[in-house]
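A.B. asks: Can you keep this structure in mind? I'll have questions shortly.
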Amino acid sequence: MNIFLTYMILGISLAAPIGPVNAAQLNRGIKKGFFHAWIFGIGALLADLLYMMLVYFGVIHFIDSSFMKTFLWIFGFFVLIYSGIESLLSIREIHIRNDASLKNSGLSSFLSGFVMSVSNPLTIMFWLGIYGSVLAKTVSSSSVNQLLLYSTAIICGILIWDFTMAAVSSYARKFLHSKILIAISFLSSLSMIGFGIYFGYHAWVILF
């Protein structure tokens with residue numbers, strides 16, 4: 001149980017650092033409420049699971065090549081810049097409203113979370129470095145069942161963080177003044193654009 005909790009905390013630690021995915025999830029929770037923020041997090045988790053499988057099967061070494069890194073830096077640049085600008089343009093839509101007024105499908109939130117996470121080169125670096133280390137250590141000293149247990153603990157940690165982020169953003173949406181919500185949304189939008197510029201810079205360095 002202690003080992004399970006340790007790897008669960010590792011999962012929370014992987015998900016917790018403020019990055020483009022967290023900024024986007026916070027933004028979505030403020031604008032659309034808990035459900036959409038949580039579904040966004042589930043979409044991002046699916047991308048995490050994909051990378052975990054790629055690390056396990058060794059395919060991650062192909063993705064870690066210079067060509068794929070450049071492609072992902074560029075793709076991440078466009079995704080984040082577009083998402084950040086779109087979010088800035090829709091800031092005026094933030095009002096204190098009931099969730100019942102937001103009847104649009106959660107599919108767009110799910111897909112947004114998946115695309116933003118799967119196109120994030122930082123996600124690859126996290127899973128290649130952290131999960132790759134866990135995999136190497138476990139395979140050399142433990143069974144496949146233990147690896148499955150540790151992986152499940154990491155996923156549980158990520159789920160806990162996603163739920164927490166969705167709850168915090170929806171709580172803020174219900175209890176904070178509209179002007180404060182607009183300010184938070186503005187900062188998270190700028191954060192996405194900032195990360196997009198950061199990704200673009202790395203793509204430029206590799207290309208030129």
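Residue numbering restarts at 1 for every chain of the structure tokens, chains are lettered A, B, ... in their displayed order, and ligands are numbered from 1 as they appear.
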Need the shell around Phe40 of chain A: protein/DNA/RNA residues with any atom at most 6 Å away, counting only C-alpha atoms. Skip same-chain ones fewer than 5 positions apart. Format as a list in words?

C.D. replies: Ser109, Phe110 and Gly113 of chain A

A.B. asks: The selected residues should be written to file as a PDB file, in the first residue's frame (atoms: all heavy atoms).

C.D. replies:
ATOM      1  N   SER A 109     -14.658  19.280 -25.462  1.00  0.00           N
ATOM      2  CA  SER A 109     -13.748  19.430 -24.329  1.00  0.00           C
ATOM      3  C   SER A 109     -12.804  18.237 -24.241  1.00  0.00           C
ATOM      4  O   SER A 109     -11.601  18.389 -23.990  1.00  0.00           O
ATOM      5  CB  SER A 109     -14.540  19.560 -23.024  1.00  0.00           C
ATOM      6  OG  SER A 109     -15.315  20.737 -23.013  1.00  0.00           O
ATOM      7  N   PHE A 110     -13.343  17.038 -24.451  1.00  0.00           N
ATOM      8  CA  PHE A 110     -12.534  15.818 -24.419  1.00  0.00           C
ATOM      9  C   PHE A 110     -11.460  15.855 -25.501  1.00  0.00           C
ATOM     10  O   PHE A 110     -10.273  15.600 -25.240  1.00  0.00           O
ATOM     11  CB  PHE A 110     -13.432  14.592 -24.607  1.00  0.00           C
ATOM     12  CG  PHE A 110     -12.683  13.293 -24.684  1.00  0.00           C
ATOM     13  CD1 PHE A 110     -12.308  12.631 -23.526  1.00  0.00           C
ATOM     14  CD2 PHE A 110     -12.355  12.743 -25.911  1.00  0.00           C
ATOM     15  CE1 PHE A 110     -11.612  11.433 -23.595  1.00  0.00           C
ATOM     16  CE2 PHE A 110     -11.653  11.545 -25.987  1.00  0.00           C
ATOM     17  CZ  PHE A 110     -11.286  10.886 -24.824  1.00  0.00           C
ATOM     18  N   GLY A 113      -8.698  18.429 -24.787  1.00  0.00           N
ATOM     19  CA  GLY A 113      -7.749  17.940 -23.794  1.00  0.00           C
ATOM     20  C   GLY A 113      -6.773  16.942 -24.394  1.00  0.00           C
ATOM     21  O   GLY A 113      -5.559  17.009 -24.132  1.00  0.00           O
TER      22      GLY A 113
END

A.B. asks: Could you pull the residues within 10 Å of Ser83 of chain A, counting only C-alpha atoms, minus those fewer than 6 positions along the same chain, as a list in words?

C.D. replies: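 Non-adjacent residues within range: Pro20, Ala24, Phe77, Leu89, Ser112, Met116, Ser189, Met192, Ile193 and Gly196 of chain A.
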
A.B. asks: Please determine, counting only C-alpha atoms, which residue among A:Ile39, A:Val205, A:Leu187, A:Leu149 has the shortest atom-to-atom distance to Gly84 of chain A.

C.D. replies: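 The closest residue to Gly84 of chain A is A:Leu187.
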
A.B. asks: In Å to one decimal, how far is atom CA of Thr152 of chain A from atom CA of Leu5 of chain A?

C.D. replies: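 Calculated distance between atom CA of Leu5 of chain A and atom CA of Thr152 of chain A is 10.7 Å.
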